[in-house]
Amino acid sequence: MRLQARRWKRGLDSIGHGPLILYVFHPMFLAYVGRMNADVVVYHAYDLYDHTPDWTDALERAERALIQDSDLVLTASEQIADALRAKVDREIRVLPNGADFTAFEQARHDTLPLPADLSAISRPRLGWVGSLHPQVDYGLVAELAKRRPDWNFVLVGVLIETADPRAEAEIASCRALPNVHFLGAKPASHIARYLVGMDVNLMFYRLSASSWISAGYPLKLHEYLATGHPVVSADVPSVRPFSHVVRIADGVNDWHAAIEDALLRGGQGSPQERIAVAAENSWAKRVETLEAWLTEATEV
């Protein structure tokens with residue numbers, strides 16, 4: 001680690017001088033704080049890490065040290081910020097996830113054909129793009145797919161192996177259905193084209209008090225909105241402020257009705273309203289905010 005820190009510092013010195021900012025996104029990297037001797041240390045917690053399966057007492061101590069000693073602490077949601085403030089009473093700022101709005105703008109106006117594996121699936125296409133982990137409600141997907149064999153559920157993303165017997169059984173149920181399609185991982189540059197090719201985009205999380213999902217800010221939220229298509233979501237707290245453009249559903253009957261409303265009547269909000277919300281939550285705007293905070297931290 002000392003050697004790596006020296007390499008980084010030599011590389012940075014070769015391209016210019018100025019404040020050295022160490023940007024730490026997980027407690028596992030705490031040891032680098034002592035090696036880098038940075039002018040500013042930023043801890044950016046993008047998830048509620050202490051709710052993840054691999055959390056340890058050592059990581060808990062490391063996170064508390066980062067919260068206590070960093071010059072700037074950021075989180076992706078108010079819920080994560082509240083959880084960290086309960087550990088260490090200090091200022092914590094929220095920098096939510098955003099979307100590459102320009103990429104979606106291009107995809108919406110693109111005249112290129114859809115990806116072949118997506119165009120082979122008949123409409124309506126109900127899409128999910130993102131990591132396929134145990135917090136995905138595969139049981140809900142399977143039940144909806146059985147009820148509506150005329151709907152096609154399209155899941156794009158890495159299917160993460162899990163030791164959760166319930167999730168594994170529900171995944172097997174989904175795989176047995178002809179209208180549930182697992183398309184696998186795709187390059188980041190292709191994601192906008194896949195989402196634009198859906199009819200409705202879905203966030204079907206399995207929520208519980210112990211789930212880290214309940215405190216998160218879905219990366220896919222503003223990407224979905226940037227397509228202009230209707231969006232239906234589980235009742236994630238960070239999604240609630242966007243209920244004017246996202247239909248929030250709870251239970252299989254409500255999900256069925258919400259998707260049907262999206263297909264027949266256009267869902268919650270208009271395409272223009274959804275796109276406008278995404279534009280206000282672009283990564284470009286997030287960078288402007290972060291740059292201002294980093295400038296402030298370096299001038300203290």
# chains A, B, ... in the order shown; residues from 1 in each chain; ligands from 1
>>> residues_around(residues="region 34-48 of chain A", least_positions_apart="6", cutoff="6 Å", atoms="only C-alpha atoms", output="ChimeraX atom specification")
/A:5,19-25,70-76,80,212,216
>>> residues_around(residues="Ile275 (chain A)", least_positions_apart="6", cutoff="6 Å", atoms="only C-alpha atoms", output="list of chain:residue names")
A:Leu225, A:Ala226, A:Gly228
>>> residues_around(residues="Ile121 (chain A)", least_positions_apart="4", cutoff="12 Å", atoms="only C-alpha atoms", output="ChimeraX atom specification")
/A:114-117,125-127,150-155,178-183,194,197-199
>>> closest_residue(among="A:Val156, A:Leu264, A:Leu144, A:Ala234", to="Leu118 (chain A)", atoms="only C-alpha atoms")
A:Val156
>>> atom_distance(atom1="CA of Ala172 (chain A)", atom2="CA of Ser214 (chain A)")
25.0 Å
>>> atom_distance(atom1="CA of Gly267 (chain A)", atom2="CA of Pro241 (chain A)")
16.4 Å
>>> select_by_dssp(residues="region 28-265 of chain A", states="helix (DSSP H, G or I)", output="mmCIF file with N, CA and C atoms, in the first residue's frame")
data_model
loop_
_atom_site.group_PDB
_atom_site.id
_atom_site.type_symbol
_atom_site.label_atom_id
_atom_site.label_comp_id
_atom_site.auth_asym_id
_atom_site.auth_seq_id
_atom_site.Cartn_x
_atom_site.Cartn_y
_atom_site.Cartn_z
ATOM 1 N N MET A 28 -13.372 -0.232 3.387
ATOM 2 C CA MET A 28 -12.238 -1.145 3.193
ATOM 3 C C MET A 28 -10.961 -0.392 2.793
ATOM 4 N N PHE A 29 -11.104 0.861 2.343
ATOM 5 C CA PHE A 29 -9.951 1.634 1.879
ATOM 6 C C PHE A 29 -9.443 2.627 2.934
ATOM 7 N N ALA A 31 -7.227 2.413 5.199
ATOM 8 C CA ALA A 31 -5.776 2.425 5.402
ATOM 9 C C ALA A 31 -5.061 3.378 4.449
ATOM 10 N N TYR A 32 -5.658 3.656 3.281
ATOM 11 C CA TYR A 32 -5.018 4.576 2.338
ATOM 12 C C TYR A 32 -5.002 6.009 2.858
ATOM 13 N N VAL A 33 -5.896 6.332 3.793
ATOM 14 C CA VAL A 33 -5.943 7.694 4.320
ATOM 15 C C VAL A 33 -4.604 8.045 4.972
ATOM 16 N N GLY A 34 -4.068 7.121 5.749
ATOM 17 C CA GLY A 34 -2.790 7.369 6.402
ATOM 18 C C GLY A 34 -1.609 7.340 5.461
ATOM 19 N N ARG A 35 -1.751 6.660 4.325
ATOM 20 C CA ARG A 35 -0.640 6.549 3.371
ATOM 21 C C ARG A 35 -0.534 7.748 2.434
ATOM 22 N N MET A 36 -1.658 8.356 2.102
ATOM 23 C CA MET A 36 -1.661 9.378 1.052
ATOM 24 C C MET A 36 -1.370 10.787 1.560
ATOM 25 N N TYR A 49 -23.859 0.318 3.785
ATOM 26 C CA TYR A 49 -22.966 -0.838 3.766
ATOM 27 C C TYR A 49 -23.190 -1.793 4.931
ATOM 28 N N ASP A 50 -23.570 -1.261 6.098
ATOM 29 C CA ASP A 50 -23.696 -2.152 7.256
ATOM 30 C C ASP A 50 -24.913 -3.068 7.175
ATOM 31 N N HIS A 51 -25.698 -2.954 6.121
ATOM 32 C CA HIS A 51 -26.802 -3.892 5.889
ATOM 33 C C HIS A 51 -26.433 -4.949 4.842
ATOM 34 N N ASP A 57 -17.138 -6.316 12.036
ATOM 35 C CA ASP A 57 -16.841 -5.336 13.083
ATOM 36 C C ASP A 57 -15.696 -4.420 12.659
ATOM 37 N N ALA A 58 -14.720 -4.976 11.954
ATOM 38 C CA ALA A 58 -13.587 -4.163 11.494
ATOM 39 C C ALA A 58 -14.047 -3.096 10.505
ATOM 40 N N LEU A 59 -14.965 -3.457 9.608
ATOM 41 C CA LEU A 59 -15.489 -2.470 8.662
ATOM 42 C C LEU A 59 -16.325 -1.416 9.373
ATOM 43 N N GLU A 60 -17.040 -1.837 10.407
ATOM 44 C CA GLU A 60 -17.824 -0.874 11.184
ATOM 45 C C GLU A 60 -16.912 0.169 11.831
ATOM 46 N N ARG A 61 -15.800 -0.301 12.411
ATOM 47 C CA ARG A 61 -14.849 0.641 13.029
ATOM 48 C C ARG A 61 -14.239 1.557 11.967
ATOM 49 N N ALA A 62 -13.943 0.988 10.813
ATOM 50 C CA ALA A 62 -13.356 1.782 9.734
ATOM 51 C C ALA A 62 -14.337 2.848 9.256
ATOM 52 N N GLU A 63 -15.603 2.484 9.122
ATOM 53 C CA GLU A 63 -16.582 3.470 8.656
ATOM 54 C C GLU A 63 -16.734 4.599 9.662
ATOM 55 N N ARG A 64 -16.793 4.263 10.942
ATOM 56 C CA ARG A 64 -16.922 5.315 11.956
ATOM 57 C C ARG A 64 -15.719 6.257 11.923
ATOM 58 N N ALA A 65 -14.536 5.694 11.693
ATOM 59 C CA ALA A 65 -13.336 6.537 11.605
ATOM 60 C C ALA A 65 -13.419 7.466 10.396
ATOM 61 N N LEU A 66 -13.891 6.950 9.265
ATOM 62 C CA LEU A 66 -14.026 7.778 8.065
ATOM 63 C C LEU A 66 -15.050 8.884 8.265
ATOM 64 N N ILE A 67 -16.172 8.551 8.881
ATOM 65 C CA ILE A 67 -17.195 9.569 9.128
ATOM 66 C C ILE A 67 -16.644 10.658 10.040
ATOM 67 N N GLN A 68 -15.918 10.233 11.076
ATOM 68 C CA GLN A 68 -15.391 11.171 12.058
ATOM 69 C C GLN A 68 -14.324 12.083 11.466
ATOM 70 N N ASP A 69 -13.417 11.528 10.671
ATOM 71 C CA ASP A 69 -12.197 12.244 10.305
ATOM 72 C C ASP A 69 -12.179 12.837 8.900
ATOM 73 N N GLU A 78 -30.974 10.507 1.664
ATOM 74 C CA GLU A 78 -31.205 11.022 3.009
ATOM 75 C C GLU A 78 -31.238 9.892 4.022
ATOM 76 N N GLN A 79 -31.739 8.728 3.621
ATOM 77 C CA GLN A 79 -31.833 7.595 4.539
ATOM 78 C C GLN A 79 -30.443 7.114 4.961
ATOM 79 N N ILE A 80 -29.508 7.059 4.001
ATOM 80 C CA ILE A 80 -28.144 6.665 4.341
ATOM 81 C C ILE A 80 -27.507 7.741 5.218
ATOM 82 N N ALA A 81 -27.747 9.005 4.886
ATOM 83 C CA ALA A 81 -27.194 10.102 5.690
ATOM 84 C C ALA A 81 -27.669 10.017 7.135
ATOM 85 N N ASP A 82 -28.947 9.756 7.333
ATOM 86 C CA ASP A 82 -29.479 9.640 8.698
ATOM 87 C C ASP A 82 -28.815 8.492 9.453
ATOM 88 N N ALA A 83 -28.582 7.378 8.758
ATOM 89 C CA ALA A 83 -27.948 6.221 9.403
ATOM 90 C C ALA A 83 -26.513 6.538 9.817
ATOM 91 N N LEU A 84 -25.789 7.297 8.993
ATOM 92 C CA LEU A 84 -24.406 7.658 9.339
ATOM 93 C C LEU A 84 -24.365 8.707 10.441
ATOM 94 N N ARG A 85 -25.331 9.640 10.446
ATOM 95 C CA ARG A 85 -25.381 10.647 11.506
ATOM 96 C C ARG A 85 -25.644 9.997 12.868
ATOM 97 N N ALA A 86 -26.349 8.853 12.852
ATOM 98 C CA ALA A 86 -26.602 8.134 14.104
ATOM 99 C C ALA A 86 -25.318 7.532 14.666
ATOM 100 N N LYS A 87 -24.340 7.302 13.798
ATOM 101 C CA LYS A 87 -23.046 6.766 14.250
ATOM 102 C C LYS A 87 -22.124 7.874 14.742
ATOM 103 N N PHE A 101 -27.857 12.053 -19.110
ATOM 104 C CA PHE A 101 -29.012 12.529 -19.862
ATOM 105 C C PHE A 101 -28.720 12.645 -21.356
ATOM 106 N N THR A 102 -27.522 13.069 -21.704
ATOM 107 C CA THR A 102 -27.166 13.216 -23.116
ATOM 108 C C THR A 102 -27.253 11.886 -23.852
ATOM 109 N N ALA A 103 -26.802 10.815 -23.209
ATOM 110 C CA ALA A 103 -26.846 9.491 -23.842
ATOM 111 C C ALA A 103 -28.286 9.056 -24.108
ATOM 112 N N PHE A 104 -29.188 9.344 -23.176
ATOM 113 C CA PHE A 104 -30.585 8.971 -23.368
ATOM 114 C C PHE A 104 -31.268 9.871 -24.394
ATOM 115 N N GLU A 105 -30.873 11.131 -24.419
ATOM 116 C CA GLU A 105 -31.401 12.045 -25.433
ATOM 117 C C GLU A 105 -31.047 11.528 -26.826
ATOM 118 N N GLN A 106 -29.813 11.087 -26.991
ATOM 119 C CA GLN A 106 -29.377 10.547 -28.281
ATOM 120 C C GLN A 106 -30.126 9.262 -28.613
ATOM 121 N N ALA A 107 -30.285 8.391 -27.604
ATOM 122 C CA ALA A 107 -30.962 7.115 -27.844
ATOM 123 C C ALA A 107 -32.422 7.316 -28.228
ATOM 124 N N ARG A 108 -33.088 8.312 -27.646
ATOM 125 C CA ARG A 108 -34.496 8.564 -27.971
ATOM 126 C C ARG A 108 -34.673 9.043 -29.402
ATOM 127 N N HIS A 109 -33.663 9.706 -29.948
ATOM 128 C CA HIS A 109 -33.761 10.226 -31.310
ATOM 129 C C HIS A 109 -32.977 9.389 -32.315
ATOM 130 N N ALA A 116 -30.450 -6.614 -31.308
ATOM 131 C CA ALA A 116 -31.127 -7.771 -31.908
ATOM 132 C C ALA A 116 -31.856 -8.617 -30.873
ATOM 133 N N ASP A 117 -31.235 -8.851 -29.699
ATOM 134 C CA ASP A 117 -31.891 -9.702 -28.707
ATOM 135 C C ASP A 117 -33.127 -9.048 -28.118
ATOM 136 N N LEU A 118 -33.163 -7.714 -28.110
ATOM 137 C CA LEU A 118 -34.351 -7.023 -27.612
ATOM 138 C C LEU A 118 -35.440 -6.969 -28.679
ATOM 139 N N SER A 119 -35.081 -6.661 -29.914
ATOM 140 C CA SER A 119 -36.085 -6.554 -30.981
ATOM 141 C C SER A 119 -36.746 -7.892 -31.266
ATOM 142 N N TYR A 138 -38.115 -11.507 -7.551
ATOM 143 C CA TYR A 138 -38.354 -12.439 -8.654
ATOM 144 C C TYR A 138 -39.709 -13.131 -8.513
ATOM 145 N N GLY A 139 -40.162 -13.310 -7.271
ATOM 146 C CA GLY A 139 -41.476 -13.930 -7.065
ATOM 147 C C GLY A 139 -42.586 -13.076 -7.652
ATOM 148 N N LEU A 140 -42.475 -11.764 -7.495
ATOM 149 C CA LEU A 140 -43.445 -10.843 -8.085
ATOM 150 C C LEU A 140 -43.418 -10.948 -9.602
ATOM 151 N N VAL A 141 -42.224 -10.972 -10.177
ATOM 152 C CA VAL A 141 -42.096 -11.084 -11.632
ATOM 153 C C VAL A 141 -42.757 -12.360 -12.125
ATOM 154 N N ALA A 142 -42.468 -13.477 -11.453
ATOM 155 C CA ALA A 142 -43.030 -14.753 -11.878
ATOM 156 C C ALA A 142 -44.553 -14.743 -11.811
ATOM 157 N N GLU A 143 -45.112 -14.188 -10.746
ATOM 158 C CA GLU A 143 -46.567 -14.150 -10.590
ATOM 159 C C GLU A 143 -47.208 -13.276 -11.665
ATOM 160 N N LEU A 144 -46.630 -12.117 -11.924
ATOM 161 C CA LEU A 144 -47.172 -11.246 -12.960
ATOM 162 C C LEU A 144 -47.061 -11.882 -14.342
ATOM 163 N N ALA A 145 -45.945 -12.553 -14.602
ATOM 164 C CA ALA A 145 -45.749 -13.198 -15.906
ATOM 165 C C ALA A 145 -46.735 -14.338 -16.113
ATOM 166 N N LYS A 146 -47.097 -15.039 -15.045
ATOM 167 C CA LYS A 146 -48.099 -16.106 -15.149
ATOM 168 C C LYS A 146 -49.486 -15.520 -15.399
ATOM 169 N N ARG A 147 -49.790 -14.432 -14.727
ATOM 170 C CA ARG A 147 -51.095 -13.791 -14.911
ATOM 171 C C ARG A 147 -51.256 -13.236 -16.323
ATOM 172 N N PRO A 165 -32.020 -19.438 -0.708
ATOM 173 C CA PRO A 165 -32.845 -20.468 -1.355
ATOM 174 C C PRO A 165 -34.132 -19.906 -1.953
ATOM 175 N N ARG A 166 -34.720 -18.916 -1.279
ATOM 176 C CA ARG A 166 -35.966 -18.331 -1.788
ATOM 177 C C ARG A 166 -35.729 -17.655 -3.132
ATOM 178 N N ALA A 167 -34.675 -16.841 -3.195
ATOM 179 C CA ALA A 167 -34.370 -16.144 -4.446
ATOM 180 C C ALA A 167 -34.051 -17.131 -5.555
ATOM 181 N N GLU A 168 -33.289 -18.158 -5.243
ATOM 182 C CA GLU A 168 -32.921 -19.146 -6.257
ATOM 183 C C GLU A 168 -34.155 -19.863 -6.805
ATOM 184 N N ALA A 169 -35.097 -20.215 -5.914
ATOM 185 C CA ALA A 169 -36.324 -20.887 -6.355
ATOM 186 C C ALA A 169 -37.157 -19.959 -7.235
ATOM 187 N N GLU A 170 -37.222 -18.669 -6.861
ATOM 188 C CA GLU A 170 -38.007 -17.717 -7.654
ATOM 189 C C GLU A 170 -37.352 -17.446 -9.012
ATOM 190 N N ILE A 171 -36.023 -17.410 -9.043
ATOM 191 C CA ILE A 171 -35.310 -17.238 -10.321
ATOM 192 C C ILE A 171 -35.607 -18.424 -11.232
ATOM 193 N N ALA A 172 -35.600 -19.629 -10.644
ATOM 194 C CA ALA A 172 -35.913 -20.825 -11.429
ATOM 195 C C ALA A 172 -37.324 -20.754 -11.993
ATOM 196 N N SER A 173 -38.262 -20.230 -11.202
ATOM 197 C CA SER A 173 -39.649 -20.077 -11.682
ATOM 198 C C SER A 173 -39.694 -19.110 -12.858
ATOM 199 N N CYS A 174 -38.933 -18.023 -12.765
ATOM 200 C CA CYS A 174 -38.894 -17.045 -13.859
ATOM 201 C C CYS A 174 -38.304 -17.666 -15.120
ATOM 202 N N ARG A 175 -37.232 -18.413 -14.956
ATOM 203 C CA ARG A 175 -36.567 -19.012 -16.112
ATOM 204 C C ARG A 175 -37.459 -20.018 -16.838
ATOM 205 N N ALA A 188 -22.020 -0.540 -20.805
ATOM 206 C CA ALA A 188 -22.701 0.656 -20.317
ATOM 207 C C ALA A 188 -23.166 1.550 -21.463
ATOM 208 N N SER A 189 -22.406 1.564 -22.543
ATOM 209 C CA SER A 189 -22.761 2.428 -23.678
ATOM 210 C C SER A 189 -24.020 1.962 -24.409
ATOM 211 N N HIS A 190 -24.477 0.734 -24.123
ATOM 212 C CA HIS A 190 -25.665 0.198 -24.802
ATOM 213 C C HIS A 190 -26.933 0.327 -23.959
ATOM 214 N N ILE A 191 -26.780 0.671 -22.674
ATOM 215 C CA ILE A 191 -27.917 0.635 -21.753
ATOM 216 C C ILE A 191 -29.050 1.548 -22.201
ATOM 217 N N ALA A 192 -28.722 2.740 -22.668
ATOM 218 C CA ALA A 192 -29.777 3.677 -23.072
ATOM 219 C C ALA A 192 -30.624 3.096 -24.193
ATOM 220 N N ARG A 193 -30.008 2.411 -25.140
ATOM 221 C CA ARG A 193 -30.763 1.835 -26.263
ATOM 222 C C ARG A 193 -31.693 0.727 -25.784
ATOM 223 N N TYR A 194 -31.244 -0.053 -24.798
ATOM 224 C CA TYR A 194 -32.126 -1.099 -24.262
ATOM 225 C C TYR A 194 -33.321 -0.480 -23.549
ATOM 226 N N LEU A 195 -33.082 0.530 -22.719
ATOM 227 C CA LEU A 195 -34.183 1.127 -21.974
ATOM 228 C C LEU A 195 -35.161 1.853 -22.881
ATOM 229 N N VAL A 196 -34.658 2.528 -23.894
ATOM 230 C CA VAL A 196 -35.542 3.213 -24.845
ATOM 231 C C VAL A 196 -36.414 2.206 -25.589
ATOM 232 N N TRP A 212 -30.754 -3.211 2.469
ATOM 233 C CA TRP A 212 -30.039 -1.980 2.118
ATOM 234 C C TRP A 212 -30.759 -1.221 1.004
ATOM 235 N N ILE A 213 -31.602 -1.913 0.251
ATOM 236 C CA ILE A 213 -32.357 -1.265 -0.826
ATOM 237 C C ILE A 213 -33.265 -0.167 -0.268
ATOM 238 N N SER A 214 -33.826 -0.408 0.915
ATOM 239 C CA SER A 214 -34.770 0.541 1.496
ATOM 240 C C SER A 214 -34.135 1.902 1.758
ATOM 241 N N ALA A 215 -32.820 1.937 1.932
ATOM 242 C CA ALA A 215 -32.133 3.199 2.201
ATOM 243 C C ALA A 215 -31.453 3.769 0.964
ATOM 244 N N LYS A 220 -30.993 3.523 -11.394
ATOM 245 C CA LYS A 220 -31.831 3.425 -12.588
ATOM 246 C C LYS A 220 -32.994 4.416 -12.601
ATOM 247 N N LEU A 221 -33.297 5.066 -11.475
ATOM 248 C CA LEU A 221 -34.471 5.943 -11.399
ATOM 249 C C LEU A 221 -34.466 7.000 -12.504
ATOM 250 N N HIS A 222 -33.430 7.805 -12.563
ATOM 251 C CA HIS A 222 -33.419 8.894 -13.542
ATOM 252 C C HIS A 222 -33.070 8.401 -14.946
ATOM 253 N N GLU A 223 -32.408 7.254 -15.037
ATOM 254 C CA GLU A 223 -32.200 6.650 -16.352
ATOM 255 C C GLU A 223 -33.540 6.222 -16.938
ATOM 256 N N TYR A 224 -34.380 5.600 -16.125
ATOM 257 C CA TYR A 224 -35.720 5.220 -16.578
ATOM 258 C C TYR A 224 -36.510 6.449 -17.025
ATOM 259 N N LEU A 225 -36.496 7.492 -16.184
ATOM 260 C CA LEU A 225 -37.268 8.695 -16.508
ATOM 261 C C LEU A 225 -36.760 9.351 -17.786
ATOM 262 N N ALA A 226 -35.450 9.252 -18.032
ATOM 263 C CA ALA A 226 -34.869 9.896 -19.215
ATOM 264 C C ALA A 226 -35.363 9.288 -20.516
ATOM 265 N N PRO A 237 -38.222 4.626 -0.266
ATOM 266 C CA PRO A 237 -38.401 5.981 0.261
ATOM 267 C C PRO A 237 -37.832 7.077 -0.626
ATOM 268 N N SER A 238 -36.671 6.858 -1.239
ATOM 269 C CA SER A 238 -36.068 7.910 -2.063
ATOM 270 C C SER A 238 -36.803 8.125 -3.375
ATOM 271 N N VAL A 239 -37.704 7.209 -3.732
ATOM 272 C CA VAL A 239 -38.482 7.356 -4.962
ATOM 273 C C VAL A 239 -39.757 8.166 -4.708
ATOM 274 N N ARG A 240 -40.216 8.197 -3.465
ATOM 275 C CA ARG A 240 -41.488 8.846 -3.152
ATOM 276 C C ARG A 240 -41.575 10.300 -3.613
ATOM 277 N N PRO A 241 -40.504 11.104 -3.495
ATOM 278 C CA PRO A 241 -40.615 12.497 -3.971
ATOM 279 C C PRO A 241 -40.898 12.606 -5.471
ATOM 280 N N PHE A 242 -40.745 11.518 -6.208
ATOM 281 C CA PHE A 242 -40.972 11.532 -7.655
ATOM 282 C C PHE A 242 -42.276 10.824 -8.025
ATOM 283 N N VAL A 252 -48.964 -7.718 -5.556
ATOM 284 C CA VAL A 252 -49.086 -8.163 -6.945
ATOM 285 C C VAL A 252 -50.282 -7.543 -7.658
ATOM 286 N N ASN A 253 -51.413 -7.367 -6.956
ATOM 287 C CA ASN A 253 -52.593 -6.781 -7.603
ATOM 288 C C ASN A 253 -52.343 -5.320 -7.991
ATOM 289 N N ASP A 254 -51.695 -4.588 -7.099
ATOM 290 C CA ASP A 254 -51.389 -3.186 -7.382
ATOM 291 C C ASP A 254 -50.381 -3.079 -8.525
ATOM 292 N N TRP A 255 -49.389 -3.962 -8.526
ATOM 293 C CA TRP A 255 -48.424 -3.972 -9.626
ATOM 294 C C TRP A 255 -49.110 -4.270 -10.958
ATOM 295 N N HIS A 256 -50.005 -5.237 -10.950
ATOM 296 C CA HIS A 256 -50.740 -5.592 -12.167
ATOM 297 C C HIS A 256 -51.504 -4.371 -12.685
ATOM 298 N N ALA A 257 -52.223 -3.710 -11.781
ATOM 299 C CA ALA A 257 -53.016 -2.540 -12.180
ATOM 300 C C ALA A 257 -52.116 -1.400 -12.659
ATOM 301 N N ALA A 258 -50.976 -1.197 -11.992
ATOM 302 C CA ALA A 258 -50.078 -0.096 -12.357
ATOM 303 C C ALA A 258 -49.474 -0.302 -13.749
ATOM 304 N N ILE A 259 -49.059 -1.530 -14.043
ATOM 305 C CA ILE A 259 -48.482 -1.814 -15.367
ATOM 306 C C ILE A 259 -49.552 -1.694 -16.443
ATOM 307 N N GLU A 260 -50.741 -2.189 -16.142
ATOM 308 C CA GLU A 260 -51.833 -2.094 -17.102
ATOM 309 C C GLU A 260 -52.170 -0.633 -17.394
ATOM 310 N N ASP A 261 -52.181 0.204 -16.347
ATOM 311 C CA ASP A 261 -52.442 1.620 -16.530
ATOM 312 C C ASP A 261 -51.336 2.263 -17.381
ATOM 313 N N ALA A 262 -50.095 1.857 -17.145
ATOM 314 C CA ALA A 262 -48.978 2.414 -17.920
ATOM 315 C C ALA A 262 -49.108 2.055 -19.398
ATOM 316 N N LEU A 263 -49.520 0.843 -19.685
ATOM 317 C CA LEU A 263 -49.633 0.396 -21.074
ATOM 318 C C LEU A 263 -50.848 1.007 -21.779
ATOM 319 N N LEU A 264 -51.950 1.138 -21.052
ATOM 320 C CA LEU A 264 -53.181 1.600 -21.683
ATOM 321 C C LEU A 264 -53.350 3.109 -21.659
ATOM 322 N N ARG A 265 -52.875 3.754 -20.578
ATOM 323 C CA ARG A 265 -53.144 5.189 -20.410
ATOM 324 C C ARG A 265 -51.881 6.032 -20.217
#
>>> closest_residue(among="A:Gly11, A:Gly18, A:Pro149, A:Gly266", to="Glu299 (chain A)", atoms="only C-alpha atoms")
A:Gly18
>>> atom_distance(atom1="CA of Val136 (chain A)", atom2="CA of Arg247 (chain A)")
17.8 Å
>>> residues_around(residues="Leu219 (chain A)", least_positions_apart="6", cutoff="10 Å", atoms="only C-alpha atoms", output="MDAnalysis selection string")
chainID A and resid 76 96:99 129:130
>>> write_last_selection(atoms="N, CA and C atoms", output="PDB file, in the first residue's frame")
ATOM      1  N   ALA A  76     -25.677   8.854  -0.902  1.00  0.00           N
ATOM      2  CA  ALA A  76     -26.552   8.876  -2.071  1.00  0.00           C
ATOM      3  C   ALA A  76     -28.004   9.168  -1.714  1.00  0.00           C
ATOM      4  N   PRO A  96     -27.421  12.658  -4.614  1.00  0.00           N
ATOM      5  CA  PRO A  96     -28.141  11.515  -5.187  1.00  0.00           C
ATOM      6  C   PRO A  96     -27.539  11.052  -6.511  1.00  0.00           C
ATOM      7  N   ASN A  97     -27.894   9.845  -6.898  1.00  0.00           N
ATOM      8  CA  ASN A  97     -27.506   9.342  -8.211  1.00  0.00           C
ATOM      9  C   ASN A  97     -28.205  10.140  -9.309  1.00  0.00           C
ATOM     10  N   GLY A  98     -27.619  10.128 -10.498  1.00  0.00           N
ATOM     11  CA  GLY A  98     -28.194  10.839 -11.624  1.00  0.00           C
ATOM     12  C   GLY A  98     -28.247   9.967 -12.863  1.00  0.00           C
ATOM     13  N   ALA A  99     -28.335  10.594 -14.017  1.00  0.00           N
ATOM     14  CA  ALA A  99     -28.389   9.873 -15.295  1.00  0.00           C
ATOM     15  C   ALA A  99     -27.532  10.597 -16.318  1.00  0.00           C
ATOM     16  N   VAL A 129     -33.241  -2.894 -15.900  1.00  0.00           N
ATOM     17  CA  VAL A 129     -31.811  -2.854 -16.221  1.00  0.00           C
ATOM     18  C   VAL A 129     -31.051  -2.587 -14.935  1.00  0.00           C
ATOM     19  N   GLY A 130     -30.125  -3.478 -14.609  1.00  0.00           N
ATOM     20  CA  GLY A 130     -29.334  -3.314 -13.396  1.00  0.00           C
ATOM     21  C   GLY A 130     -28.918  -4.653 -12.840  1.00  0.00           C
TER      22      GLY A 130
END
>>> decode(residues="region 243-266 of chain A", atoms="C-alpha atoms", output="tab-separated table (two decimals), in the first residue's frame")
chain	number	residue	atom	x	y	z
A	243	SER	CA	-44.45	10.00	-7.32
A	244	HIS	CA	-45.79	12.59	-9.78
A	245	VAL	CA	-43.81	10.83	-12.54
A	246	VAL	CA	-43.39	7.32	-11.06
A	247	ARG	CA	-46.25	5.01	-10.14
A	248	ILE	CA	-45.48	3.35	-6.79
A	249	ALA	CA	-46.97	-0.12	-6.36
A	250	ASP	CA	-47.27	-2.55	-3.46
A	251	GLY	CA	-48.46	-6.12	-3.83
A	252	VAL	CA	-49.09	-8.16	-6.95
A	253	ASN	CA	-52.59	-6.78	-7.60
A	254	ASP	CA	-51.39	-3.19	-7.38
A	255	TRP	CA	-48.42	-3.97	-9.63
A	256	HIS	CA	-50.74	-5.59	-12.17
A	257	ALA	CA	-53.02	-2.54	-12.18
A	258	ALA	CA	-50.08	-0.10	-12.36
A	259	ILE	CA	-48.48	-1.81	-15.37
A	260	GLU	CA	-51.83	-2.09	-17.10
A	261	ASP	CA	-52.44	1.62	-16.53
A	262	ALA	CA	-48.98	2.41	-17.92
A	263	LEU	CA	-49.63	0.40	-21.07
A	264	LEU	CA	-53.18	1.60	-21.68
A	265	ARG	CA	-53.14	5.19	-20.41
A	266	GLY	CA	-49.49	6.21	-20.23
